[in-house]
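Okay, work-v3.txt now, which holds compact mmCIF, C-alpha atoms and all ligand atoms:
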```txt
# COMPACT_ATOMS: atom_id res chain seq x y z
CA MET A 1 -17.49 -6.83 0.95
CA ARG A 2 -14.32 -5.43 -0.59
CA LYS A 3 -11.14 -6.00 1.46
CA GLN A 4 -10.50 -3.25 4.03
CA ILE A 5 -6.80 -2.88 4.81
CA ALA A 6 -4.64 -1.10 7.36
CA ALA A 7 -1.13 -1.16 5.90
CA ALA A 8 1.86 0.04 7.90
CA ASN A 9 4.76 1.51 5.96
CA TRP A 10 7.67 1.64 8.38
CA LYS A 11 10.01 3.11 5.74
CA MET A 12 13.65 3.26 6.94
CA ASN A 13 12.86 3.31 10.65
CA LEU A 14 13.33 1.12 13.74
CA SER A 15 16.10 -1.25 14.85
CA TYR A 16 15.45 -4.99 14.68
CA GLN A 17 14.71 -5.04 18.41
CA GLU A 18 12.35 -2.06 18.16
CA ALA A 19 10.59 -3.69 15.24
CA GLU A 20 10.03 -6.90 17.21
CA THR A 21 8.68 -4.95 20.19
CA LEU A 22 6.33 -2.90 18.03
CA LEU A 23 4.89 -6.01 16.36
CA ASP A 24 4.52 -7.73 19.74
CA GLU A 25 2.66 -4.75 21.17
CA ILE A 26 0.28 -4.55 18.22
CA LEU A 27 -0.40 -8.30 18.18
CA GLU A 28 -0.94 -8.34 21.95
CA ALA A 29 -3.91 -6.04 21.42
CA ASP A 30 -5.46 -9.19 19.98
CA ILE A 31 -7.66 -7.46 17.43
CA ARG A 32 -9.64 -10.20 15.72
CA LEU A 33 -9.89 -9.16 12.11
CA GLU A 34 -13.01 -10.02 10.24
CA PHE A 35 -12.86 -12.04 7.05
CA HIS A 36 -12.79 -8.90 4.87
CA GLN A 37 -10.24 -7.00 6.99
CA MET A 38 -6.44 -7.13 6.86
CA ALA A 39 -3.44 -5.61 8.60
CA ILE A 40 -0.24 -5.54 6.54
CA PHE A 41 3.20 -4.53 7.80
CA ALA A 42 5.60 -3.22 5.14
CA VAL A 43 8.88 -3.63 6.96
CA PRO A 44 12.52 -3.14 5.94
CA PHE A 45 14.00 -6.14 4.07
CA PRO A 46 16.14 -7.43 6.99
CA TYR A 47 13.03 -7.74 9.18
CA LEU A 48 10.79 -9.60 6.72
CA ILE A 49 11.50 -13.14 7.95
CA MET A 50 11.15 -12.22 11.61
CA SER A 51 7.96 -10.22 10.94
CA ARG A 52 6.46 -13.00 8.88
CA SER A 53 6.96 -15.52 11.66
CA GLU A 54 5.48 -13.05 14.20
CA VAL A 55 2.21 -12.76 12.24
CA GLU A 56 2.12 -16.32 10.94
CA ASP A 57 -0.57 -17.61 13.30
CA GLU A 58 -2.74 -14.50 13.11
CA MET A 59 -5.61 -14.53 10.66
CA ASN A 60 -5.38 -11.76 8.04
CA TYR A 61 -2.14 -10.29 9.36
CA GLU A 62 0.50 -10.14 6.63
CA VAL A 63 3.89 -8.65 5.85
CA ALA A 64 4.95 -6.71 2.77
CA ALA A 65 8.23 -5.65 1.27
CA GLN A 66 8.57 -1.91 0.68
CA ASN A 67 10.07 -2.35 -2.76
CA CYS A 68 11.46 -4.85 -5.25
CA HIS A 69 13.72 -4.52 -8.26
CA HIS A 70 12.25 -4.22 -11.75
CA LYS A 71 14.61 -6.83 -13.23
CA LYS A 72 14.27 -10.53 -12.51
CA SER A 73 17.86 -11.17 -11.40
CA GLY A 74 21.42 -10.32 -12.28
CA ALA A 75 24.22 -7.86 -11.66
CA TYR A 76 22.33 -5.27 -9.58
CA THR A 77 24.41 -4.95 -6.44
CA GLY A 78 22.40 -4.19 -3.35
CA GLU A 79 19.00 -4.83 -4.92
CA VAL A 80 16.31 -7.33 -3.90
CA SER A 81 14.36 -9.32 -6.47
CA VAL A 82 10.76 -10.48 -6.48
CA ASP A 83 11.99 -14.10 -6.64
CA MET A 84 13.93 -13.54 -3.41
CA LEU A 85 10.82 -12.15 -1.70
CA HIS A 86 8.80 -15.08 -2.96
CA SER A 87 11.40 -17.54 -1.65
CA ILE A 88 10.91 -16.26 1.91
CA GLY A 89 7.13 -16.33 1.71
CA VAL A 90 6.38 -12.63 1.25
CA ASN A 91 2.93 -12.16 -0.31
CA TYR A 92 2.71 -8.36 -0.67
CA CYS A 93 5.01 -5.63 -1.95
CA ILE A 94 4.66 -1.85 -2.13
CA VAL A 95 5.32 -0.70 -5.70
CA GLY A 96 5.86 2.89 -6.75
CA HIS A 97 5.83 4.74 -3.45
CA SER A 98 6.28 8.44 -4.21
CA GLU A 99 9.54 8.53 -2.24
CA ARG A 100 10.98 5.90 -4.57
CA ARG A 101 9.58 7.63 -7.64
CA GLU A 102 11.27 10.83 -6.49
CA TYR A 103 14.58 9.70 -4.94
CA ASN A 104 15.18 6.64 -7.12
CA ALA A 105 13.79 7.98 -10.38
CA GLU A 106 11.26 5.18 -10.74
CA THR A 107 9.15 5.63 -13.85
CA ASN A 108 5.66 4.36 -14.63
CA ALA A 109 7.21 1.92 -17.15
CA MET A 110 9.62 0.53 -14.56
CA LEU A 111 6.72 0.10 -12.15
CA ALA A 112 4.79 -1.85 -14.79
CA ASP A 113 7.76 -4.28 -14.90
CA LYS A 114 7.71 -4.59 -11.11
CA VAL A 115 3.96 -5.25 -11.12
CA ASN A 116 4.43 -8.00 -13.74
CA LEU A 117 7.22 -9.70 -11.80
CA CYS A 118 5.17 -9.59 -8.60
CA LEU A 119 2.09 -11.08 -10.23
CA GLU A 120 4.16 -13.87 -11.80
CA LYS A 121 5.07 -14.92 -8.26
CA ALA A 122 1.59 -14.33 -6.81
CA ILE A 123 2.85 -11.37 -4.79
CA THR A 124 0.14 -8.71 -4.51
CA PRO A 125 1.46 -5.27 -5.42
CA ILE A 126 0.32 -2.36 -3.26
CA PHE A 127 0.54 0.12 -6.10
CA CYS A 128 0.97 3.75 -5.06
CA CYS A 129 -0.19 6.73 -7.04
CA GLY A 130 -0.70 10.37 -6.14
CA GLU A 131 0.00 13.89 -7.27
CA PRO A 132 2.50 16.53 -6.11
CA LEU A 133 1.31 19.85 -4.69
CA GLU A 134 1.69 21.85 -7.91
CA ILE A 135 -0.59 19.42 -9.77
CA ARG A 136 -3.22 19.65 -7.01
CA GLU A 137 -2.99 23.44 -7.11
CA ALA A 138 -3.43 23.41 -10.88
CA GLY A 139 -6.50 21.18 -10.42
CA THR A 140 -5.21 18.47 -12.77
CA GLN A 141 -4.81 15.70 -10.18
CA ASN A 142 -7.39 13.41 -11.78
CA ASN A 143 -5.55 13.25 -15.09
CA PHE A 144 -2.24 12.84 -13.31
CA VAL A 145 -3.24 9.82 -11.24
CA ALA A 146 -5.23 8.24 -14.09
CA GLN A 147 -2.08 8.40 -16.20
CA GLN A 148 -0.10 6.65 -13.47
CA LEU A 149 -2.62 3.81 -13.44
CA LYS A 150 -2.77 3.59 -17.22
CA GLU A 151 0.99 3.43 -17.70
CA SER A 152 1.73 0.97 -14.91
CA LEU A 153 -1.40 -1.19 -14.62
CA PHE A 154 -3.66 -1.06 -17.64
CA HIS A 155 -1.66 -3.60 -19.65
CA LEU A 156 -2.92 -6.20 -17.16
CA SER A 157 -5.71 -8.62 -17.96
CA ALA A 158 -9.02 -8.46 -16.09
CA VAL A 159 -7.95 -11.49 -14.04
CA GLU A 160 -4.60 -9.90 -13.14
CA ILE A 161 -5.88 -6.46 -12.15
CA LYS A 162 -8.05 -8.08 -9.46
CA ASN A 163 -4.82 -8.95 -7.63
CA ILE A 164 -3.78 -5.33 -7.18
CA ILE A 165 -4.23 -3.10 -4.15
CA ILE A 166 -4.09 0.60 -4.98
CA ALA A 167 -2.90 3.24 -2.53
CA TYR A 168 -3.75 6.85 -3.36
CA GLU A 169 -1.19 9.02 -1.61
CA PRO A 170 -1.15 12.72 -2.45
CA ILE A 171 2.50 13.71 -2.09
CA TRP A 172 1.58 16.97 -0.35
CA ALA A 173 -0.02 14.96 2.47
CA ILE A 174 2.81 12.48 3.10
CA GLY A 175 4.67 13.10 6.33
CA THR A 176 3.45 16.69 6.36
CA GLY A 177 0.66 16.37 8.89
CA LYS A 178 -1.60 17.75 6.17
CA THR A 179 -4.26 15.14 5.43
CA ALA A 180 -6.52 15.25 2.42
CA SER A 181 -10.02 16.04 3.64
CA THR A 182 -12.42 13.15 3.73
CA ALA A 183 -14.28 14.75 0.83
CA GLN A 184 -11.08 15.14 -1.23
CA ALA A 185 -10.11 11.51 -0.57
CA GLN A 186 -13.56 10.16 -1.41
CA GLU A 187 -13.74 12.25 -4.58
CA ILE A 188 -10.47 11.03 -6.06
CA HIS A 189 -10.94 7.44 -4.90
CA HIS A 190 -14.32 7.43 -6.60
CA TYR A 191 -12.71 8.86 -9.71
CA LEU A 192 -9.95 6.21 -9.69
CA ARG A 193 -12.57 3.50 -9.38
CA SER A 194 -14.45 4.97 -12.34
CA VAL A 195 -11.26 4.96 -14.43
CA ILE A 196 -10.74 1.28 -13.57
CA ALA A 197 -14.41 0.60 -14.36
CA GLY A 198 -13.98 2.30 -17.73
CA LYS A 199 -11.25 -0.15 -18.65
CA TYR A 200 -12.28 -3.34 -16.83
CA GLY A 201 -15.96 -2.89 -15.96
CA ALA A 202 -17.75 -1.92 -12.76
CA ASP A 203 -17.71 -5.40 -11.19
CA ILE A 204 -13.93 -5.61 -11.24
CA ALA A 205 -13.49 -1.97 -10.18
CA ASN A 206 -15.72 -2.65 -7.19
CA GLU A 207 -13.47 -5.47 -6.03
CA ILE A 208 -10.22 -3.51 -5.95
CA PRO A 209 -9.24 -2.00 -2.59
CA ILE A 210 -8.15 1.64 -2.82
CA LEU A 211 -6.29 2.76 0.31
CA TYR A 212 -5.68 6.36 1.30
CA GLY A 213 -2.20 7.41 2.45
CA GLY A 214 -0.84 10.70 3.73
CA SER A 215 -0.84 11.63 7.41
CA VAL A 216 -3.40 9.03 8.44
CA LYS A 217 -3.55 9.17 12.24
CA ALA A 218 -5.43 7.47 15.05
CA GLY A 219 -7.61 10.58 15.22
CA ASN A 220 -8.64 10.82 11.56
CA ALA A 221 -8.65 7.18 10.39
CA LYS A 222 -12.24 6.42 11.30
CA GLU A 223 -13.62 9.38 9.38
CA LEU A 224 -11.44 8.76 6.32
CA PHE A 225 -12.17 5.02 6.22
CA ALA A 226 -15.91 5.66 6.56
CA SER A 227 -16.01 7.02 3.00
CA PRO A 228 -17.52 4.48 0.61
CA ASP A 229 -14.51 4.36 -1.73
CA VAL A 230 -11.77 4.54 0.92
CA ASP A 231 -10.86 0.96 1.81
CA GLY A 232 -8.35 1.63 4.58
CA GLY A 233 -4.97 3.32 4.66
CA LEU A 234 -1.27 3.11 3.96
CA VAL A 235 0.23 4.62 7.07
CA GLY A 236 3.75 5.91 7.65
CA GLY A 237 4.47 7.91 10.82
CA ALA A 238 1.50 6.71 12.86
CA SER A 239 2.31 3.07 12.12
CA LEU A 240 5.46 3.35 14.25
CA ILE A 241 3.45 3.90 17.44
CA ALA A 242 1.70 0.75 18.67
CA ASP A 243 -1.32 2.46 20.26
CA ASP A 244 -1.88 4.61 17.18
CA PHE A 245 -1.70 1.77 14.70
CA ILE A 246 -3.98 -0.34 16.90
CA GLU A 247 -6.59 2.42 16.69
CA ILE A 248 -6.10 2.63 12.93
CA ILE A 249 -6.69 -1.12 12.54
CA LYS A 250 -9.81 -0.78 14.68
CA ALA A 251 -11.03 2.05 12.45
CA LEU A 252 -11.43 -0.31 9.45
CA LYS A 253 -14.96 -0.77 8.14
P1 LIG B 1 2.65 9.28 6.45
O1 LIG B 1 3.26 8.39 5.25
O2 LIG B 1 1.52 8.49 7.04
O3 LIG B 1 3.80 9.46 7.41
O4 LIG B 1 2.18 10.57 5.84
C1 LIG B 1 2.42 7.67 4.41
C2 LIG B 1 3.23 6.97 3.34
O5 LIG B 1 4.21 7.53 2.85
O6 LIG B 1 2.93 5.81 2.98
```
Using the file provided, produce a representation of the structure as structure tokens.
Ligand code: PGA
Amino acid sequence: MRKQIAAANWKMNLSYQEAETLLDEILEADIRLEFHQMAIFAVPFPYLIMSRSEVEDEMNYEVAAQNCHHKKSGAYTGEVSVDMLHSIGVNYCIVGHSERREYNAETNAMLADKVNLCLEKAITPIFCCGEPLEIREAGTQNNFVAQQLKESLFHLSAVEIKNIIIAYEPIWAIGTGKTASTAQAQEIHHYLRSVIAGKYGADIANEIPILYGGSVKAGNAKELFASPDVDGGLVGGASLIADDFIEIIKALK
């Protein structure tokens, strides 16, 4: 079975102490993940080492960085490179979250560079795509997200693309409390998988996890994740509350 993943995106929230407590509370729930299930915590950079050691002994619990720089190294004050993440044992990294695309002017081409650097170091990118409200209202969301995949991922070889996790996050649903309906999520996830199949073949497309993000909550996770092409979620707000994220992990197929 394809990997099913509950990924927490803490964004710029929590003190170090609060972060430790939240992880402790979630791990104390002692949810035994099955072989095909994973829980990933995308934490702020200063908490990566602590978080990694917290989850170290837990099967299929992992940490992720929320971003990396698109250049390998050099005079980029304040930035964090993929090599640095690799050197502290980070295995996953969010690439192209819509907040970074918007506030940090990240382009599809820049994200392709990030994806390449991550794969060179065997860091799995959690690649985000998703349309703004005006595109959804115009009904052109399929073309929009397909273009994001094409420009940032479709230079990869068939072997490389298998190491990508995709997160579909419609911008109008992020932090707004407005979730895509289960039918809307399934429809676009299915479409994304067909675009990948068109380029790499159905077998490879069927192996790639596609997570849904945008106001995933304890109360809607089960229904969303039940859709055949929704392989879990990338969760912001609800991942900051232990009980809620525990329910979300439990909602995985
Ligand atoms: P949200 O954020 O769950 O708070 O909507 C999701 C995300 O931005 O990854």
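Computed from the coordinates, the atom CA of Cys93 of chain A to atom CA of Glu169 of chain A distance equals 15.9 Å.
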*Counting all atoms listed in the file, the option among A:Tyr168, A:Arg32, A:Ile174, A:Trp10 closest to Leu133 of chain A*: A:Ile174
Protein and nucleic residues near ligand LIG 1 (chain B), 9 Å, only C-alpha atoms and all ligand atoms, as an mmCIF file with C-alpha atoms, in the frame of the given file:
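Resulting contents of result_7.cif:
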```cif
data_model
loop_
_atom_site.group_PDB
_atom_site.id
_atom_site.type_symbol
_atom_site.label_atom_id
_atom_site.label_comp_id
_atom_site.auth_asym_id
_atom_site.auth_seq_id
_atom_site.Cartn_x
_atom_site.Cartn_y
_atom_site.Cartn_z
ATOM 1 C CA ALA A 7 -1.130 -1.160 5.900
ATOM 2 C CA ALA A 8 1.860 0.040 7.900
ATOM 3 C CA ASN A 9 4.760 1.510 5.960
ATOM 4 C CA TRP A 10 7.670 1.640 8.380
ATOM 5 C CA LYS A 11 10.010 3.110 5.740
ATOM 6 C CA HIS A 97 5.830 4.740 -3.450
ATOM 7 C CA SER A 98 6.280 8.440 -4.210
ATOM 8 C CA GLU A 99 9.540 8.530 -2.240
ATOM 9 C CA CYS A 128 0.970 3.750 -5.060
ATOM 10 C CA ALA A 167 -2.900 3.240 -2.530
ATOM 11 C CA GLU A 169 -1.190 9.020 -1.610
ATOM 12 C CA ILE A 171 2.500 13.710 -2.090
ATOM 13 C CA TRP A 172 1.580 16.970 -0.350
ATOM 14 C CA ALA A 173 -0.020 14.960 2.470
ATOM 15 C CA ILE A 174 2.810 12.480 3.100
ATOM 16 C CA GLY A 175 4.670 13.100 6.330
ATOM 17 C CA THR A 176 3.450 16.690 6.360
ATOM 18 C CA GLY A 177 0.660 16.370 8.890
ATOM 19 C CA LYS A 178 -1.600 17.750 6.170
ATOM 20 C CA THR A 179 -4.260 15.140 5.430
ATOM 21 C CA TYR A 212 -5.680 6.360 1.300
ATOM 22 C CA GLY A 213 -2.200 7.410 2.450
ATOM 23 C CA GLY A 214 -0.840 10.700 3.730
ATOM 24 C CA SER A 215 -0.840 11.630 7.410
ATOM 25 C CA VAL A 216 -3.400 9.030 8.440
ATOM 26 C CA LYS A 217 -3.550 9.170 12.240
ATOM 27 C CA GLY A 233 -4.970 3.320 4.660
ATOM 28 C CA LEU A 234 -1.270 3.110 3.960
ATOM 29 C CA VAL A 235 0.230 4.620 7.070
ATOM 30 C CA GLY A 236 3.750 5.910 7.650
ATOM 31 C CA GLY A 237 4.470 7.910 10.820
ATOM 32 C CA ALA A 238 1.500 6.710 12.860
ATOM 33 C CA SER A 239 2.310 3.070 12.120
#
```
*Among listed residues A:Val43, A:Val159, A:Ile5, A:Leu22, nearest Asp243 of chain A (using only C-alpha atoms)*: A:Leu22
*Exercise: Val80 of chain A partners within 8 Å, all atoms listed in the file, chain neighbours under 4 positions left out, as a list in words*: Cys68, His69, Met84 and Leu85 of chain A
*In terms of the shortest atom-to-atom distance over only C-alpha atoms, which of A:Tyr191, A:Phe245, A:Phe35, A:Tyr47 is closest to Asn13 of chain A?*
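Answer, going by the shortest atom-to-atom distance: A:Tyr47.
All residues that come within 12 Å of the coordinates (-16.2, 0.0, 3.4), counting only C-alpha atoms, are given as Met1, Arg2, Lys3, Gln4, Ile5, His36, Gln37, Gln186, Asn206, Glu207, Ile208, Pro209, Ile210, Leu211, Lys222, Glu223, Leu224, Phe225, Ala226, Ser227, Pro228, Asp229, Val230, Asp231, Gly232, Gly233, Ala251, Leu252 and Lys253 of chain A.
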